[in-house]
Amino acid sequence: MAGLETTGSNPDVGLLYDINGLTATAPDWVDRVVTVAGEYGLILALVLLAVWTWWRVRRTDCREEAAGAVAAVVWAPLAAGIALLVNIPIRGFVGRPSPAEQHRGIEELVAVRGDFSFVSDHATLAMALAVGLFIAHRRAGLAGIALAVLLGFSRVYLGVHYPTDVIGGLALGTAVALLLSPLASALLTPLTKLIARSAKVGRLVWSPKGTRDEAGSVEEEREREQEQGRERQEDGVRQESGAVGVSRRRDRDLAA
């Protein structure tokens, strides 16, 4: 282990006992709810929030704005994956055992796979995803950050992580999502702009609000523009024909 205290009297261990100790007085159904939420439920909620955010940011009249926002949404799960990869060497270097292996009286509500405790993978993934969503949509991001913090609390309640494991995961997820965001935007935004101009899959990136959204796709908008262009050309031809007719009548009048 590289420098994280697991024994003795310290705030980290004391807070672990305080939070995990709630299981002694909580009803069984609370333990079951926290177990499901801490293992899968809150992560699923974040994924659904990401889908909603993608659906929401598409609906704008500005194609460039939609392309940038969708690029940020795409970055959110990518940031989560990269943060988990970054965490692999950190966990191996620190080598911190799980709380139940170091302390008596810890109620471990879920089975630990024998992996190291610092940094929490769940907290890292959740916060990276939440911060990525915050870049795309502020309100969705704030909701995601709240879910990530709640997930971190649940991991301590379940007895599988120290509080500092969770804090480290939240910090790691935030750092990866924010620091790599400019590079991700530079790489992803041109791609989303290209998709937005596509007649077949453009609505994956841009779905204008109002009548244009209800009428159809980008292809239909282009057809309307082409139809308007044809009408302008026909008006021009009619005006030119009318001018020629007037000129001819004037010539005949002069000849007479």
# chains A, B, ... in the order shown; residues from 1 in each chain; ligands from 1
$ residues_around --residues "Ala196 (chain A)" --least-positions-apart "6" --cutoff "6 Å" --atoms "only C-alpha atoms" --output "PyMOL selection string"
chain A and resi 202+205-206
$ write_last_selection --atoms "N, CA, C and O atoms" --output "PDB file, in the first residue's frame"
ATOM      1  N   GLY A 202     -29.189  12.974 -40.130  1.00  0.00           N
ATOM      2  CA  GLY A 202     -28.988  14.293 -39.549  1.00  0.00           C
ATOM      3  C   GLY A 202     -29.752  14.525 -38.264  1.00  0.00           C
ATOM      4  O   GLY A 202     -29.298  15.266 -37.382  1.00  0.00           O
ATOM      5  N   VAL A 205     -28.338  14.383 -34.675  1.00  0.00           N
ATOM      6  CA  VAL A 205     -27.601  15.510 -34.127  1.00  0.00           C
ATOM      7  C   VAL A 205     -28.451  16.763 -34.038  1.00  0.00           C
ATOM      8  O   VAL A 205     -28.371  17.513 -33.058  1.00  0.00           O
ATOM      9  N   TRP A 206     -29.289  17.000 -35.053  1.00  0.00           N
ATOM     10  CA  TRP A 206     -30.039  18.257 -35.112  1.00  0.00           C
ATOM     11  C   TRP A 206     -31.486  18.000 -35.459  1.00  0.00           C
ATOM     12  O   TRP A 206     -31.785  17.429 -36.511  1.00  0.00           O
TER      13      TRP A 206
END
$ closest_residue --among "A:Ala79, A:Ala26, A:Leu191, A:Val201" --to "Ala175 (chain A)" --atoms "only C-alpha atoms"
A:Ala79
$ closest_residue --among "A:Arg91, A:Arg203, A:Arg63, A:Arg58" --to "Ala136 (chain A)" --atoms "only C-alpha atoms"
A:Arg58
$ atom_distance --atom1 "CA of Leu42 (chain A)" --atom2 "CA of Phe116 (chain A)"
21.8 Å
$ atom_distance --atom1 "CA of Leu15 (chain A)" --atom2 "CA of Gly169 (chain A)"
16.9 Å
